Number of protein chains: 2
Amino acid sequence: MPHAVVSRPPEIGARIGLAHGNGGRFMRELIDGLFRRHLANPLLDTTVDAAALPLAAGDGTLMVTTDGFTVEPLEFPGGDIGSLAVHGTVNDLAVAGATPLHLTVACFIEEGLDVDLLDRLIASMATAAEDAGVGVVAGDTKVVRRGEGGGIYFATTGIGVRDPGLRLGIDTVRAGDRLLVSGPVGDHGTAVMLAREQFGLRGDLVSDAASVLPVTRALAPLPGLRFMRDPTRGGLATVAHEIARLSGLAVRLDAAAIPVRDPVAAVCEMLGYDPLYLACEGRVVTVVAPEDAEAALAAVRSAQGGAEAAIIGGLRPGPAEVVLETDLGGERLIEELEDDPLPRIC
Amino acid sequence: MPHAVVSRPPEIGARIGLAHGNGGRFMRELIDGLFRRHLANPLLDTTVDAAALPLAAGDGTLMVTTDGFTVEPLEFPGGDIGSLAVHGTVNDLAVAGATPLHLTVACFIEEGLDVDLLDRLIASMATAAEDAGVGVVAGDTKVVRRGEGGGIYFATTGIGVRDPGLRLGIDTVRAGDRLLVSGPVGDHGTAVMLAREQFGLRGDLVSDAASVLPVTRALAPLPGLRFMRDPTRGGLATVAHEIARLSGLAVRLDAAAIPVRDPVAAVCEMLGYDPLYLACEGRVVTVVAPEDAEAALAAVRSAQGGAEAAIIGGLRPGPAEVVLETDLGGERLIEELEDDPLPRIC
């Protein structure tokens, strides 16, 4: 992955050492010379214990979410763990109907991590944050000994605000509602899998990792919008199961309607995976009232990242199960995920 | 460490497997059967992407902080990584003058972690949260492969509110101000060190890890209160350096006045550590105007955890340096920490 060469204070060294996590001079230089340089914004003050947020009455309902990121490899086609740590948390706020405003970042760095790699990851994090309109307001770095980490893990927490009038949630879902996905499924899981040398495969596929804010903003004005979720770990099948379990309704999926890219289908065929269970990091699954389904589809298709959106099924009265209607008119039950197909996928 | 035997759904198994992090059934059972059981509160809904926080206008300035926790061993005399992950973040809000309200928790669990141990850690987290008056409102769990973690790491983010009228910060610090510490230094660092088998030492010392809210609340009403910080990684010496660097003033410490427990002094003597650099997890270093110094000391001493507080020095016009006045009338410069004495101390 090409990247701009950036300067850094030579004191930091070429590799992260334990002293970069001890609270002393090297840690301060790492934070000032690398993190603060990339993530600078008016609310980020690395000298305070807690950041004051300028949220005012009338801004809306305060929303918060947190997520950990462990993806391996740390850089993959279409993204890296830095941008993913922003997108993942921004997206959890977005599908809750919120406008993300602030992020906090905790880093767990393994001794020996290449400082240039860390620099690229934090630069990528900064770009993703800027694109999503959020600022990093607080952070923490810990360094663990060689062999006690996986290069780097991030935990990000997102704070946003939601219009108090927005009616959105699983309790609004009804039999007859339609199910929409904002783009092809399984790109992220497959791209990360291909980037792992263990599989010995190569391909041009890139992760779908991205902010879904353009999609959720396009959907927000629709009165028939019921529920949104991003199908990350466990993929579309897992979101379908959550909808079924929480609503008590049957989720029917139309196999022919679910967008899956050819290389994703090919890799899954070869390795025995089902794309319905593979992680996406830039898609939204939406439940929408039937009368607004076409409007929702049009809205998403006109939004950035939503050009390949499709209506992929709907909800019927229970039992709470997920049924895939196959091309040949058959049906098969989609089981809840049990075995782990891919650790460290996000 | 004794603990109550708690029941858990047998499906979870005796050890954490990769499937506990895959988004599917096992992860759901782990979250519902262990995390939600201990951390239950009216705002915690494990089925949503983001939690709505009932903060109203007039509650004060919104404050946020985040921290990662990697302490080893995971359980140590006086605490564990679960309670520490609450105390550490609560304390960062407390020393910023805020009342902590909400916590988020991200967990990085290593494959193979004993489920009973995890259960104890989350129960301990719940107790610490309840004691500090905070509730966990959002969480995330990731499972990494055996050898890619250190048992478990936590990242907690704390949200609180601060009285907008509170004037507190390094910019209020003046030459002539006094420095106060709320109790003996180095207990946490020493207790954790002794708990590591590698040192072959045993002792009765317990960590000072605790919420410092009683201390910061006792100090808050004093008009002469300037600045508070908890001396965690890098210890008292590192906080003294931060005060010197950020204020441009000289920090003078009176060696005879700094409280250090005998076993801490003995272990440091034996292993070549300086207690001034060892982590505390339940102490507050406070800068206070000279006219309020005695009142501050009395206030802290009457607060829970502050009985052994002491005035340990003061600020003079620059240069920005930290000077230790020794018992024999001598002086020595306290250097900023460079080498790492103790990785995974918090």
# chains A, B, ... in the order shown; residues from 1 in each chain; ligands from 1

$ interface_residues --of "chain A" --to "chain B" --cutoff "6 Å" --atoms "only C-alpha atoms" --output "MDAnalysis selection string"
chainID A and resid 19 22:25 49:53 57 62:68 92:93 106 138:140 148:150 233:234 337:340

$ select_by_dssp --residues "segment 25-209 of chain B" --states "helix (DSSP H, G or I)" --output "NGL selection string"
:B and (25-39 or 81-95 or 115-132 or 170-172 or 187-195 or 197-199)

$ select_by_dssp --residues "segment 144-320 of chain A" --states "strand (DSSP E or B)" --output "PyMOL selection string"
chain A and resi 144+152-162+178-181+225-229+250-254+285-288+310-316

$ write_last_selection --atoms "N, CA, C and O atoms" --output "CSV table (one decimal), in the first residue's frame"
chain,number,residue,atom,x,y,z
A,144,VAL,N,2.7,-3.5,25.4
A,144,VAL,CA,2.9,-4.8,26.1
A,144,VAL,C,4.1,-5.5,25.5
A,144,VAL,O,4.5,-5.2,24.4
A,152,ILE,N,-0.9,-4.4,17.1
A,152,ILE,CA,-1.6,-3.3,17.7
A,152,ILE,C,-3.1,-3.6,17.8
A,152,ILE,O,-3.6,-4.2,16.8
A,153,TYR,N,-3.7,-3.3,18.9
A,153,TYR,CA,-5.1,-3.3,19.0
A,153,TYR,C,-5.6,-1.9,19.3
A,153,TYR,O,-4.9,-1.2,20.0
A,154,PHE,N,-6.8,-1.6,18.8
A,154,PHE,CA,-7.4,-0.3,19.2
A,154,PHE,C,-8.7,-0.5,19.9
A,154,PHE,O,-9.4,-1.5,19.5
A,155,ALA,N,-9.1,0.3,20.8
A,155,ALA,CA,-10.5,0.4,21.3
A,155,ALA,C,-10.9,1.9,21.1
A,155,ALA,O,-10.2,2.8,21.5
A,156,THR,N,-11.9,2.0,20.3
A,156,THR,CA,-12.5,3.4,20.1
A,156,THR,C,-13.9,3.5,20.7
A,156,THR,O,-14.6,2.6,20.7
A,157,THR,N,-14.1,4.7,21.3
A,157,THR,CA,-15.4,5.0,21.8
A,157,THR,C,-15.9,6.2,21.1
A,157,THR,O,-15.2,7.2,20.9
A,158,GLY,N,-17.2,6.1,20.6
A,158,GLY,CA,-17.8,7.2,19.9
A,158,GLY,C,-18.9,7.9,20.6
A,158,GLY,O,-19.7,7.2,21.2
A,159,ILE,N,-18.9,9.2,20.5
A,159,ILE,CA,-20.0,10.0,21.1
A,159,ILE,C,-20.7,10.8,20.0
A,159,ILE,O,-20.0,11.4,19.2
A,160,GLY,N,-22.0,10.7,20.0
A,160,GLY,CA,-22.7,11.4,19.0
A,160,GLY,C,-24.1,11.9,19.6
A,160,GLY,O,-24.4,11.7,20.7
A,161,VAL,N,-24.8,12.5,18.7
A,161,VAL,CA,-26.2,13.0,19.1
A,161,VAL,C,-27.2,12.5,18.1
A,161,VAL,O,-26.9,12.4,16.9
A,162,ARG,N,-28.4,12.3,18.6
A,162,ARG,CA,-29.5,11.8,17.8
A,162,ARG,C,-30.7,12.7,18.0
A,162,ARG,O,-30.9,13.2,19.1
A,178,ARG,N,-39.8,-4.8,4.8
A,178,ARG,CA,-38.8,-5.2,3.8
A,178,ARG,C,-37.4,-5.1,4.4
A,178,ARG,O,-37.1,-4.2,5.2
A,179,LEU,N,-36.5,-5.9,3.8
A,179,LEU,CA,-35.1,-5.9,4.3
A,179,LEU,C,-34.2,-5.4,3.1
A,179,LEU,O,-34.4,-5.9,2.0
A,180,LEU,N,-33.3,-4.5,3.4
A,180,LEU,CA,-32.5,-3.9,2.4
A,180,LEU,C,-31.0,-4.0,2.8
A,180,LEU,O,-30.7,-3.8,4.0
A,181,VAL,N,-30.1,-4.3,1.9
A,181,VAL,CA,-28.7,-4.2,2.2
A,181,VAL,C,-28.1,-3.2,1.2
A,181,VAL,O,-28.5,-3.0,0.1
A,225,LEU,N,-38.6,4.2,8.0
A,225,LEU,CA,-37.4,3.6,8.5
A,225,LEU,C,-37.6,3.0,9.8
A,225,LEU,O,-38.0,3.7,10.8
A,226,ARG,N,-37.3,1.7,10.0
A,226,ARG,CA,-37.5,1.0,11.3
A,226,ARG,C,-36.3,0.7,12.1
A,226,ARG,O,-36.2,0.8,13.3
A,227,PHE,N,-35.3,0.2,11.4
A,227,PHE,CA,-34.1,-0.4,12.1
A,227,PHE,C,-32.9,-0.5,11.1
A,227,PHE,O,-33.1,-0.7,9.9
A,228,MET,N,-31.7,-0.2,11.6
A,228,MET,CA,-30.5,-0.3,10.8
A,228,MET,C,-29.5,-1.0,11.6
A,228,MET,O,-29.4,-0.8,12.9
A,229,ARG,N,-28.6,-1.8,11.0
A,229,ARG,CA,-27.5,-2.4,11.7
A,229,ARG,C,-26.4,-2.7,10.6
A,229,ARG,O,-26.7,-3.0,9.5
A,250,ALA,N,-40.2,-14.0,11.5
A,250,ALA,CA,-39.4,-14.8,10.6
A,250,ALA,C,-38.7,-13.9,9.6
A,250,ALA,O,-39.4,-13.0,9.0
A,251,VAL,N,-37.4,-14.0,9.4
A,251,VAL,CA,-36.7,-13.3,8.4
A,251,VAL,C,-36.6,-14.1,7.1
A,251,VAL,O,-36.1,-15.3,7.2
A,252,ARG,N,-37.1,-13.7,6.0
A,252,ARG,CA,-37.0,-14.4,4.8
A,252,ARG,C,-36.0,-13.7,3.9
A,252,ARG,O,-36.1,-12.5,3.6
A,253,LEU,N,-35.0,-14.4,3.4
A,253,LEU,CA,-34.0,-13.8,2.5
A,253,LEU,C,-34.1,-14.4,1.2
A,253,LEU,O,-34.3,-15.6,1.1
A,254,ASP,N,-34.0,-13.6,0.1
A,254,ASP,CA,-34.1,-14.1,-1.2
A,254,ASP,C,-32.6,-14.2,-1.8
A,254,ASP,O,-32.0,-13.3,-2.1
A,285,VAL,N,-27.6,-3.0,6.9
A,285,VAL,CA,-28.9,-3.8,6.7
A,285,VAL,C,-30.0,-2.9,7.3
A,285,VAL,O,-29.9,-2.5,8.5
A,286,THR,N,-31.0,-2.7,6.5
A,286,THR,CA,-32.1,-1.8,7.0
A,286,THR,C,-33.5,-2.6,6.9
A,286,THR,O,-33.7,-3.3,5.9
A,287,VAL,N,-34.3,-2.4,7.9
A,287,VAL,CA,-35.7,-2.8,7.9
A,287,VAL,C,-36.5,-1.6,7.6
A,287,VAL,O,-36.3,-0.5,8.3
A,288,VAL,N,-37.4,-1.7,6.6
A,288,VAL,CA,-38.2,-0.5,6.2
A,288,VAL,C,-39.6,-0.9,6.0
A,288,VAL,O,-39.8,-2.1,5.5
A,310,ALA,N,-29.7,-3.4,-2.5
A,310,ALA,CA,-30.7,-4.3,-3.0
A,310,ALA,C,-31.7,-4.6,-1.9
A,310,ALA,O,-31.4,-4.6,-0.7
A,311,ILE,N,-33.0,-4.8,-2.3
A,311,ILE,CA,-34.0,-5.3,-1.4
A,311,ILE,C,-33.8,-6.9,-1.4
A,311,ILE,O,-33.8,-7.5,-2.4
A,312,ILE,N,-33.5,-7.4,-0.2
A,312,ILE,CA,-33.1,-8.8,-0.2
A,312,ILE,C,-34.0,-9.7,0.6
A,312,ILE,O,-33.7,-10.9,0.8
A,313,GLY,N,-35.2,-9.2,1.0
A,313,GLY,CA,-36.1,-10.1,1.7
A,313,GLY,C,-37.1,-9.3,2.5
A,313,GLY,O,-37.3,-8.1,2.3
A,314,GLY,N,-37.7,-10.0,3.5
A,314,GLY,CA,-38.7,-9.3,4.3
A,314,GLY,C,-39.0,-10.1,5.6
A,314,GLY,O,-38.4,-11.1,5.8
A,315,LEU,N,-39.9,-9.5,6.3
A,315,LEU,CA,-40.3,-10.1,7.6
A,315,LEU,C,-41.7,-10.7,7.5
A,315,LEU,O,-42.6,-10.1,6.9
A,316,ARG,N,-41.9,-11.9,8.1
A,316,ARG,CA,-43.2,-12.5,8.2
A,316,ARG,C,-43.5,-12.8,9.6
A,316,ARG,O,-42.6,-12.9,10.4

$ residues_around --residues "Cys268 of chain A" --least-positions-apart "6" --cutoff "10 Å" --atoms "only C-alpha atoms" --output "NGL selection string"
:A and (186 or 190 or 262 or 274-275 or 278)

$ closest_residue --among "B:Ile16, B:Met270, B:Ala209, B:Leu39" --to "Val185 of chain B" --atoms "only C-alpha atoms"
B:Ala209
